[in-house]
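Visitor: What follows is my_file.csv, made up of CSV, C-alpha atoms and all ligand atoms:
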```csv
chain,number,residue,atom,x,y,z
A,1,MET,CA,15.8,32.6,28.5
A,2,GLU,CA,12.5,30.8,28.0
A,3,LEU,CA,14.1,27.5,26.7
A,4,PHE,CA,15.8,27.0,30.1
A,5,ALA,CA,12.8,28.2,32.2
A,6,GLY,CA,11.0,24.9,32.7
A,7,ASP,CA,11.3,22.6,35.6
A,8,ASP,CA,11.9,19.5,33.4
A,9,ILE,CA,15.0,21.0,31.8
A,10,ALA,CA,16.3,22.2,35.1
A,11,LYS,CA,15.8,18.8,36.7
A,12,GLY,CA,17.5,17.2,33.7
A,13,TYR,CA,20.4,19.7,34.1
A,14,ALA,CA,20.7,18.7,37.7
A,15,ALA,CA,20.7,14.9,37.1
A,16,ALA,CA,21.6,14.0,33.5
A,17,ARG,CA,24.3,16.2,32.0
A,18,PRO,CA,27.6,14.4,31.3
A,19,ALA,CA,30.6,15.3,33.4
A,20,VAL,CA,32.5,17.1,30.6
A,21,HIS,CA,32.9,20.2,32.7
A,22,ARG,CA,35.5,19.0,35.2
A,23,VAL,CA,37.9,17.8,32.4
A,24,VAL,CA,37.7,21.1,30.6
A,25,VAL,CA,37.9,23.3,33.7
A,26,GLY,CA,40.8,21.2,35.0
A,27,ARG,CA,42.8,21.9,31.8
A,28,ALA,CA,41.9,25.6,32.0
A,29,PHE,CA,42.9,26.1,35.6
A,30,ALA,CA,46.1,24.1,35.0
A,31,GLN,CA,46.9,26.4,32.1
A,32,LEU,CA,46.3,29.4,34.4
A,33,GLY,CA,48.6,27.9,37.0
A,34,ALA,CA,45.8,28.5,39.4
A,35,GLU,CA,46.1,27.2,43.0
A,36,CYS,CA,43.4,25.1,44.5
A,37,GLY,CA,41.2,26.8,47.1
A,38,ARG,CA,42.5,30.3,46.4
A,39,HIS,CA,40.2,32.1,44.0
A,40,ARG,CA,36.9,34.0,44.1
A,41,ILE,CA,35.0,32.4,41.3
A,42,LEU,CA,31.8,33.4,39.6
A,43,ASP,CA,30.1,30.9,37.2
A,44,VAL,CA,27.8,32.8,34.8
A,45,GLY,CA,24.9,30.9,33.3
A,46,CYS,CA,25.4,28.1,35.8
A,47,GLY,CA,22.3,26.1,35.1
A,48,ALA,CA,21.8,23.5,37.8
A,49,GLY,CA,25.4,23.9,38.9
A,50,ALA,CA,27.4,21.2,37.0
A,51,SER,CA,29.8,23.8,35.7
A,52,THR,CA,30.0,25.6,39.1
A,53,ARG,CA,30.7,22.4,41.1
A,54,ALA,CA,33.4,21.6,38.5
A,55,ALA,CA,35.3,24.8,39.4
A,56,ALA,CA,34.8,24.5,43.2
A,57,PRO,CA,38.2,22.8,43.9
A,58,TRP,CA,40.0,26.1,42.9
A,59,ALA,CA,37.7,28.3,44.8
A,60,GLN,CA,38.1,30.1,48.1
A,61,ALA,CA,34.5,31.3,47.5
A,62,ILE,CA,32.3,30.4,44.5
A,63,VAL,CA,28.9,31.6,43.3
A,64,GLY,CA,26.8,30.4,40.4
A,65,LEU,CA,24.6,32.9,38.6
A,66,ASP,CA,21.7,32.1,36.3
A,67,SER,CA,18.7,34.0,35.0
A,68,GLU,CA,16.3,31.1,35.6
A,69,ILE,CA,14.9,30.5,39.0
A,70,GLN,CA,14.2,26.8,38.4
A,71,MET,CA,17.9,26.2,37.4
A,72,ILE,CA,19.0,27.9,40.6
A,73,ARG,CA,16.5,25.9,42.8
A,74,ASN,CA,17.8,22.7,41.3
A,75,ALA,CA,21.4,23.8,41.8
A,76,ARG,CA,20.7,24.5,45.4
A,77,THR,CA,19.0,21.1,45.8
A,78,VAL,CA,22.1,19.3,44.4
A,79,GLY,CA,24.3,21.4,46.8
A,80,GLY,CA,28.0,20.5,46.8
A,81,GLY,CA,29.4,23.7,48.2
A,82,PRO,CA,28.8,26.7,45.8
A,83,GLY,CA,26.2,29.4,46.6
A,84,TYR,CA,23.7,30.3,43.9
A,85,ILE,CA,21.9,33.5,42.9
A,86,VAL,CA,19.4,34.5,40.3
A,87,GLY,CA,20.6,37.2,38.0
A,88,ALA,CA,21.6,38.2,34.5
A,89,ALA,CA,25.0,38.0,32.8
A,90,GLU,CA,24.3,41.6,31.6
A,91,ALA,CA,23.6,42.9,35.1
A,92,ILE,CA,25.8,40.9,37.5
A,93,PRO,CA,24.6,41.4,41.1
A,94,LEU,CA,28.1,41.6,42.5
A,95,GLY,CA,30.4,44.5,43.5
A,96,THR,CA,33.3,46.0,41.6
A,97,ASP,CA,36.6,44.0,41.6
A,98,THR,CA,35.1,41.0,43.4
A,99,VAL,CA,35.9,38.1,41.0
A,100,ASP,CA,39.3,36.5,40.3
A,101,VAL,CA,38.0,33.9,37.8
A,102,LEU,CA,34.7,34.2,35.9
A,103,THR,CA,33.8,30.8,34.3
A,104,THR,CA,31.0,30.4,31.8
A,105,ALA,CA,30.0,27.2,30.2
A,106,GLY,CA,27.6,27.0,27.2
A,107,ALA,CA,25.8,30.2,28.3
A,108,LEU,CA,27.3,33.1,26.2
A,109,ASP,CA,25.4,31.9,23.1
A,110,PHE,CA,22.3,33.4,24.8
A,111,VAL,CA,23.9,36.6,26.3
A,112,ASP,CA,24.2,40.1,25.0
A,113,LEU,CA,28.0,40.2,24.7
A,114,ALA,CA,28.5,44.0,24.7
A,115,ARG,CA,26.6,44.4,28.0
A,116,PHE,CA,28.3,41.3,29.5
A,117,ARG,CA,31.7,42.7,28.6
A,118,SER,CA,31.0,45.9,30.5
A,119,GLU,CA,29.9,43.9,33.5
A,120,VAL,CA,33.0,41.7,33.3
A,121,ALA,CA,35.2,44.7,33.2
A,122,ARG,CA,33.5,46.0,36.4
A,123,VAL,CA,33.4,42.8,38.5
A,124,LEU,CA,36.8,41.3,37.6
A,125,ALA,CA,39.6,42.1,40.1
A,126,PRO,CA,42.9,43.3,38.7
A,127,ARG,CA,44.6,40.3,36.9
A,128,GLY,CA,41.2,38.6,36.9
A,129,VAL,CA,40.3,36.4,33.9
A,130,VAL,CA,37.4,34.8,32.2
A,131,VAL,CA,37.3,31.1,31.3
A,132,VAL,CA,34.8,30.5,28.5
A,133,TYR,CA,34.1,27.0,27.5
A,134,ASP,CA,31.6,24.8,25.7
A,135,PHE,CA,31.1,21.3,24.3
A,136,ALA,CA,29.0,20.0,21.4
A,137,THR,CA,26.4,17.3,21.9
A,138,GLY,CA,28.2,13.9,22.2
A,139,ARG,CA,27.3,11.9,19.1
A,140,ARG,CA,30.2,9.7,18.3
A,141,SER,CA,31.4,6.4,19.7
A,142,ALA,CA,34.1,4.1,18.3
A,143,ASP,CA,32.2,1.3,20.2
A,144,ALA,CA,28.8,2.2,18.7
A,145,PRO,CA,29.4,3.2,15.1
A,146,GLY,CA,25.7,3.8,14.4
A,147,LEU,CA,25.4,6.5,17.1
A,148,GLU,CA,26.1,9.4,14.8
A,149,ARG,CA,23.5,8.4,12.3
A,150,ALA,CA,20.9,7.9,15.0
A,151,TYR,CA,21.8,11.3,16.5
A,152,ASN,CA,21.5,13.0,13.1
A,153,GLU,CA,18.0,11.5,12.8
A,154,PHE,CA,17.1,12.9,16.3
A,155,ALA,CA,18.4,16.4,15.3
A,156,ARG,CA,16.5,16.3,12.0
A,157,ARG,CA,13.2,15.4,13.8
A,158,TRP,CA,13.8,17.9,16.6
A,159,PRO,CA,16.2,20.6,15.3
A,160,ARG,CA,18.2,22.7,17.6
A,161,PRO,CA,16.5,26.1,18.0
A,162,THR,CA,18.4,29.1,16.8
A,163,ASP,CA,16.1,31.9,18.0
A,164,GLY,CA,17.8,34.1,20.6
A,165,ARG,CA,21.1,32.3,20.2
A,166,HIS,CA,24.3,33.2,18.5
A,167,ALA,CA,27.5,31.2,18.0
A,168,VAL,CA,30.4,31.9,20.3
A,169,ASP,CA,34.0,31.2,19.5
A,170,THR,CA,37.3,33.1,19.9
A,171,SER,CA,36.7,35.4,16.9
A,172,VAL,CA,33.2,36.3,18.3
A,173,LEU,CA,34.8,37.0,21.7
A,174,ALA,CA,37.5,39.1,20.1
A,175,ALA,CA,34.9,41.1,18.1
A,176,ALA,CA,32.9,41.7,21.3
A,177,GLY,CA,35.9,43.3,23.0
A,178,PHE,CA,37.7,40.5,24.7
A,179,SER,CA,41.4,39.9,24.4
A,180,VAL,CA,41.8,36.2,23.8
A,181,GLY,CA,44.8,34.5,25.5
A,182,SER,CA,45.5,30.8,25.7
A,183,GLY,CA,43.0,28.0,25.1
A,184,ASP,CA,42.6,24.6,23.7
A,185,GLN,CA,40.3,22.1,22.0
A,186,MET,CA,39.9,18.5,23.2
A,187,ILE,CA,37.8,15.4,23.0
A,188,VAL,CA,36.3,14.3,26.3
A,189,SER,CA,35.4,10.7,26.5
A,190,ILE,CA,32.6,9.6,28.8
A,191,ALA,CA,30.9,6.1,29.1
A,192,MET,CA,27.1,6.2,28.9
A,193,ASN,CA,24.5,3.5,28.6
A,194,ALA,CA,21.1,4.0,26.8
A,195,ASN,CA,19.4,5.3,29.9
A,196,ALA,CA,22.0,7.9,30.6
A,197,TYR,CA,22.3,9.0,26.9
A,198,VAL,CA,18.5,9.3,26.5
A,199,ALA,CA,18.2,11.3,29.7
A,200,TYR,CA,21.0,13.5,28.5
A,201,LEU,CA,19.4,14.1,25.1
A,202,MET,CA,16.1,15.0,26.8
A,203,THR,CA,18.0,18.0,28.4
A,204,GLU,CA,19.0,19.4,25.0
A,205,THR,CA,17.3,22.5,23.7
A,206,ASN,CA,16.1,20.5,20.7
A,207,VAL,CA,13.7,18.8,23.1
A,208,ALA,CA,12.8,22.0,25.1
A,209,ALA,CA,11.9,23.7,21.8
A,210,ALA,CA,9.8,20.8,20.6
A,211,VAL,CA,7.9,20.6,23.8
A,212,GLN,CA,7.2,24.4,23.6
A,213,ARG,CA,5.8,23.8,20.1
A,214,GLY,CA,3.4,21.2,21.7
A,215,GLU,CA,5.2,17.9,21.1
A,216,PRO,CA,4.7,15.6,24.1
A,217,ALA,CA,8.1,15.0,25.9
A,218,ALA,CA,7.0,11.3,26.4
A,219,ARG,CA,6.8,10.9,22.6
A,220,VAL,CA,10.4,12.2,22.1
A,221,ARG,CA,11.7,10.1,24.9
A,222,GLN,CA,10.0,6.9,23.5
A,223,TRP,CA,11.5,7.6,20.1
A,224,CYS,CA,15.0,8.0,21.7
A,225,VAL,CA,14.6,4.9,23.8
A,226,GLU,CA,13.7,2.8,20.7
A,227,ARG,CA,16.4,4.3,18.5
A,228,PHE,CA,19.3,4.4,21.0
A,229,SER,CA,18.8,1.4,23.2
A,230,PRO,CA,20.0,-1.2,20.7
A,231,LEU,CA,23.1,0.9,20.1
A,232,LEU,CA,24.0,1.4,23.8
A,233,THR,CA,23.0,-1.9,25.4
A,234,GLU,CA,26.0,-1.5,27.8
A,235,PRO,CA,28.0,1.6,28.6
A,236,ARG,CA,29.9,2.9,25.5
A,237,VAL,CA,32.5,5.6,25.4
A,238,ILE,CA,31.0,8.7,23.8
A,239,GLU,CA,33.2,11.5,22.5
A,240,PHE,CA,32.4,15.2,23.3
A,241,ASP,CA,34.1,17.9,21.3
A,242,ALA,CA,35.0,20.6,23.8
A,243,TRP,CA,37.0,23.9,23.8
A,244,TYR,CA,38.0,26.6,26.2
A,245,ALA,CA,39.5,30.1,25.9
A,246,ILE,CA,41.0,32.3,28.6
A,247,VAL,CA,39.9,35.9,27.9
A,248,THR,CA,40.0,39.3,29.5
A,249,PRO,CA,38.0,42.5,28.6
A,250,THR,CA,40.1,44.8,26.5
A,251,GLY,CA,40.7,48.4,27.5
B,1,LIG,C1,23.5,25.5,28.1
B,1,LIG,S1,23.0,26.0,29.7
B,1,LIG,C2,24.5,25.7,30.6
B,1,LIG,C3,24.4,25.6,32.1
B,1,LIG,C4,25.6,25.2,32.8
B,1,LIG,N1,26.7,26.2,32.7
B,1,LIG,C5,26.2,23.9,32.5
B,1,LIG,O1,27.2,23.8,31.8
B,1,LIG,O2,25.5,22.9,32.8
B,1,LIG,C6,22.9,27.8,29.6
B,1,LIG,C7,22.5,28.4,30.8
B,1,LIG,O3,22.6,29.9,30.7
B,1,LIG,C8,21.5,30.5,31.3
B,1,LIG,N2,21.4,31.9,30.7
B,1,LIG,C9,21.0,32.2,29.5
B,1,LIG,N3,21.0,33.5,29.3
B,1,LIG,C10,21.4,34.0,30.4
B,1,LIG,C11,21.7,35.4,30.9
B,1,LIG,N4,21.5,36.4,30.0
B,1,LIG,N5,22.1,35.6,32.1
B,1,LIG,C12,22.3,34.5,33.0
B,1,LIG,N6,22.1,33.2,32.6
B,1,LIG,C13,21.7,33.0,31.4
B,1,LIG,C14,20.3,29.6,31.0
B,1,LIG,O4,19.3,29.8,31.9
B,1,LIG,C15,21.0,28.2,31.2
B,1,LIG,O5,20.8,27.7,32.5
```
Produce structure tokens that represent the structure in this file.
Ligand SMILES: C[S@@+](CC[C@H](N)C(=O)[O-])C[C@H]1O[C@@H](n2cnc3c(N)ncnc32)[C@H](O)[C@@H]1O

Guide:
Amino acid sequence: MELFAGDDIAKGYAAARPAVHRVVVGRAFAQLGAECGRHRILDVGCGAGASTRAAAPWAQAIVGLDSEIQMIRNARTVGGGPGYIVGAAEAIPLGTDTVDVLTTAGALDFVDLARFRSEVARVLAPRGVVVVYDFATGRRSADAPGLERAYNEFARRWPRPTDGRHAVDTSVLAAAGFSVGSGDQMIVSIAMNANAYVAYLMTETNVAAAVQRGEPAARVRQWCVERFSPLLTEPRVIEFDAWYAIVTPTG
């Protein structure tokens, strides 16, 4: 997916994404009653591996898969245990019945769900499951009440691109041929200062799309620094709206 193909976004994914994943994955694995260190896990659309590393405590073996080579290179540079391979969610380069838990964070919006479903049905072992999860851009803080307004200005200036992307929720998954089991929604709270928040916003697809249209990244960053620094002079607790669903392919 072109938006994720550049080295800047891959480096940002390696260094600046908030650690929402481990909270959500922890809840999902607890719900599954999964035992630590016991499962063959595949993380689809792994980016630079934040979501893969979050699932590693439950893995006997774990692989992250992403279509973008720069994401995989950065994931390998961070290291931390998982293996990483380049490949598509619609043509998973693994054998039949080889995966106990397939995790996927924020990636299915860009994936052909019908082809993905066929591949899931092939690679999942008997009793295997898929943990789908995502979180919205953090934009609220009880300690920094002006944050949401500033974020809305950011999103108006540099809108989130919609090309090649579709919403994913439990009804979309059901319509795509997945049986939806348990799941939950939650707010994950993470303290961030202005540097961390601006570095994180610079990883959002809003910025990647603006840069592809010719906007200098340095100009976006400068605007963000000026707008968010007065609001986040010290670490403030930012709220991320997150959800997960445990699903299996039907049939
Ligand atoms: C929003 S990022 C999430 C990355 C990572 N899961 C995380 O949470 O940090 C979506 C990722 O999905 C990958 N992706 C998009 N379409 C894909 C496809 N068809 N097959 C494999 N990966 C894909 C992108 O390259 C990108 O790295």

Visitor: Restrict the calculation to only C-alpha atoms and all ligand atoms, then for each residue of chain A with any atom at most 8 Å from an atom of ligand LIG 1 (chain B) give the closest atom pair and their distance in Å to one decimal, rows by chain and rising residue number, as JSON lines.

Guide:
```
{"residue": "A:Met1", "atom": "CA", "partner": "B:LIG1", "partner_atom": "C9", "distance": 5.3}
{"residue": "A:Glu2", "atom": "CA", "partner": "B:LIG1", "partner_atom": "O4", "distance": 7.9}
{"residue": "A:Leu3", "atom": "CA", "partner": "B:LIG1", "partner_atom": "O4", "distance": 7.7}
{"residue": "A:Phe4", "atom": "CA", "partner": "B:LIG1", "partner_atom": "O4", "distance": 4.8}
{"residue": "A:Ala5", "atom": "CA", "partner": "B:LIG1", "partner_atom": "O4", "distance": 6.7}
{"residue": "A:Ala10", "atom": "CA", "partner": "B:LIG1", "partner_atom": "O5", "distance": 7.6}
{"residue": "A:Tyr13", "atom": "CA", "partner": "B:LIG1", "partner_atom": "O2", "distance": 6.2}
{"residue": "A:Arg17", "atom": "CA", "partner": "B:LIG1", "partner_atom": "O2", "distance": 6.9}
{"residue": "A:His21", "atom": "CA", "partner": "B:LIG1", "partner_atom": "O1", "distance": 6.8}
{"residue": "A:Asp43", "atom": "CA", "partner": "B:LIG1", "partner_atom": "N1", "distance": 7.3}
{"residue": "A:Val44", "atom": "CA", "partner": "B:LIG1", "partner_atom": "C12", "distance": 6.0}
{"residue": "A:Gly45", "atom": "CA", "partner": "B:LIG1", "partner_atom": "O3", "distance": 3.6}
{"residue": "A:Cys46", "atom": "CA", "partner": "B:LIG1", "partner_atom": "N1", "distance": 3.9}
{"residue": "A:Gly47", "atom": "CA", "partner": "B:LIG1", "partner_atom": "O5", "distance": 3.4}
{"residue": "A:Ala48", "atom": "CA", "partner": "B:LIG1", "partner_atom": "O2", "distance": 6.2}
{"residue": "A:Gly49", "atom": "CA", "partner": "B:LIG1", "partner_atom": "O2", "distance": 6.2}
{"residue": "A:Ala50", "atom": "CA", "partner": "B:LIG1", "partner_atom": "O2", "distance": 4.9}
{"residue": "A:Ser51", "atom": "CA", "partner": "B:LIG1", "partner_atom": "O1", "distance": 4.7}
{"residue": "A:Thr52", "atom": "CA", "partner": "B:LIG1", "partner_atom": "N1", "distance": 7.2}
{"residue": "A:Leu65", "atom": "CA", "partner": "B:LIG1", "partner_atom": "C12", "distance": 6.3}
{"residue": "A:Asp66", "atom": "CA", "partner": "B:LIG1", "partner_atom": "N6", "distance": 3.9}
{"residue": "A:Ser67", "atom": "CA", "partner": "B:LIG1", "partner_atom": "C12", "distance": 4.1}
{"residue": "A:Glu68", "atom": "CA", "partner": "B:LIG1", "partner_atom": "O4", "distance": 4.9}
{"residue": "A:Met71", "atom": "CA", "partner": "B:LIG1", "partner_atom": "O5", "distance": 5.9}
{"residue": "A:Val86", "atom": "CA", "partner": "B:LIG1", "partner_atom": "C12", "distance": 7.9}
{"residue": "A:Gly87", "atom": "CA", "partner": "B:LIG1", "partner_atom": "C12", "distance": 5.9}
{"residue": "A:Ala88", "atom": "CA", "partner": "B:LIG1", "partner_atom": "N5", "distance": 3.6}
{"residue": "A:Ala89", "atom": "CA", "partner": "B:LIG1", "partner_atom": "N5", "distance": 3.8}
{"residue": "A:Glu90", "atom": "CA", "partner": "B:LIG1", "partner_atom": "N4", "distance": 6.1}
{"residue": "A:Thr104", "atom": "CA", "partner": "B:LIG1", "partner_atom": "N1", "distance": 6.1}
{"residue": "A:Ala105", "atom": "CA", "partner": "B:LIG1", "partner_atom": "N1", "distance": 4.3}
{"residue": "A:Gly106", "atom": "CA", "partner": "B:LIG1", "partner_atom": "C1", "distance": 4.5}
{"residue": "A:Ala107", "atom": "CA", "partner": "B:LIG1", "partner_atom": "C6", "distance": 4.0}
{"residue": "A:Leu108", "atom": "CA", "partner": "B:LIG1", "partner_atom": "N3", "distance": 7.0}
{"residue": "A:Asp109", "atom": "CA", "partner": "B:LIG1", "partner_atom": "N3", "distance": 7.8}
{"residue": "A:Phe110", "atom": "CA", "partner": "B:LIG1", "partner_atom": "N3", "distance": 4.7}
{"residue": "A:Val111", "atom": "CA", "partner": "B:LIG1", "partner_atom": "N4", "distance": 4.4}
{"residue": "A:Asp112", "atom": "CA", "partner": "B:LIG1", "partner_atom": "N4", "distance": 6.8}
{"residue": "A:Asp134", "atom": "CA", "partner": "B:LIG1", "partner_atom": "O1", "distance": 7.6}
```

Visitor: Please identify all polymer residues within 7 Å of A:Val180, counting all atoms listed in the file, omitting same-chain residues fewer than 3 positions from it, and present them as a ChimeraX atom specification.

Guide: /A:170,174,245-248

Visitor: Using only C-alpha atoms, please write the residues we just selected to a file, as a PDB file, keeping the file's coordinate frame.

Guide:
```pdb
ATOM      1  CA  THR A 170      37.300  33.100  19.900  1.00  0.00           C
ATOM      2  CA  ALA A 174      37.500  39.100  20.100  1.00  0.00           C
ATOM      3  CA  ALA A 245      39.500  30.100  25.900  1.00  0.00           C
ATOM      4  CA  ILE A 246      41.000  32.300  28.600  1.00  0.00           C
ATOM      5  CA  VAL A 247      39.900  35.900  27.900  1.00  0.00           C
ATOM      6  CA  THR A 248      40.000  39.300  29.500  1.00  0.00           C
TER       7      THR A 248
END
```

Visitor: Taking 4 positions as the minimum chain separation for residues in the same chain, which residues sit within 8 Å of A:Ala114 when counting only C-alpha atoms? Answer as JSON, numbers by chain.

Guide: {"A": [118, 176, 177]}

Visitor: What lies within 12 Å of stretch 234-241 of chain A using only C-alpha atoms, ignoring chain neighbours under 4 positions off, as a PyMOL selection string?

Guide: chain A and resi 17-21+23-24+133-148+184-197+228-230

Visitor: Selection from above, C-alpha atoms, as a short mmCIF file (atom, residue, chain, number, x, y, z; two decimals), keeping the file's coordinate frame, can you write it?

Guide:
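The resulting selection06.cif:
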```
data_model
loop_
_atom_site.label_atom_id
_atom_site.label_comp_id
_atom_site.auth_asym_id
_atom_site.auth_seq_id
_atom_site.Cartn_x
_atom_site.Cartn_y
_atom_site.Cartn_z
CA ARG A 17 24.30 16.20 32.00
CA PRO A 18 27.60 14.40 31.30
CA ALA A 19 30.60 15.30 33.40
CA VAL A 20 32.50 17.10 30.60
CA HIS A 21 32.90 20.20 32.70
CA VAL A 23 37.90 17.80 32.40
CA VAL A 24 37.70 21.10 30.60
CA TYR A 133 34.10 27.00 27.50
CA ASP A 134 31.60 24.80 25.70
CA PHE A 135 31.10 21.30 24.30
CA ALA A 136 29.00 20.00 21.40
CA THR A 137 26.40 17.30 21.90
CA GLY A 138 28.20 13.90 22.20
CA ARG A 139 27.30 11.90 19.10
CA ARG A 140 30.20 9.70 18.30
CA SER A 141 31.40 6.40 19.70
CA ALA A 142 34.10 4.10 18.30
CA ASP A 143 32.20 1.30 20.20
CA ALA A 144 28.80 2.20 18.70
CA PRO A 145 29.40 3.20 15.10
CA GLY A 146 25.70 3.80 14.40
CA LEU A 147 25.40 6.50 17.10
CA GLU A 148 26.10 9.40 14.80
CA ASP A 184 42.60 24.60 23.70
CA GLN A 185 40.30 22.10 22.00
CA MET A 186 39.90 18.50 23.20
CA ILE A 187 37.80 15.40 23.00
CA VAL A 188 36.30 14.30 26.30
CA SER A 189 35.40 10.70 26.50
CA ILE A 190 32.60 9.60 28.80
CA ALA A 191 30.90 6.10 29.10
CA MET A 192 27.10 6.20 28.90
CA ASN A 193 24.50 3.50 28.60
CA ALA A 194 21.10 4.00 26.80
CA ASN A 195 19.40 5.30 29.90
CA ALA A 196 22.00 7.90 30.60
CA TYR A 197 22.30 9.00 26.90
CA PHE A 228 19.30 4.40 21.00
CA SER A 229 18.80 1.40 23.20
CA PRO A 230 20.00 -1.20 20.70
#
```

Visitor: So that I can check the surroundings of A:Glu35, please list as a list in words every protein, DNA and RNA residue that reaches within 12 Å of it, counting only C-alpha atoms and ignoring chain neighbours fewer than 6 positions away.

Guide: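 Answer for this query is Gly26, Ala28, Phe29, Ala55, Ala56, Pro57, Trp58, Ala59, Gln60, Asp100 and Val101 of chain A.
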
Visitor: What separation in Å, quoted to one decimal, exists between atom CA of A:Thr96 and atom CA of A:Leu124?

Guide: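 If I compute the distance from atom CA of A:Thr96 to atom CA of A:Leu124, I get 7.1 Å.
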
Visitor: Rounded to one decimal, what separation in Å do you get between atom CA of A:Arg127 and atom CA of A:Leu32?

Guide: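 We find that atom CA of A:Arg127 and atom CA of A:Leu32 lie 11.3 Å from each other.
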
Visitor: With all atoms listed in the file as the atoms that count, which of A:Tyr151, A:Ile69, A:Ile41, A:Thr162 lies nearest to A:Thr98?

Guide: A:Ile41
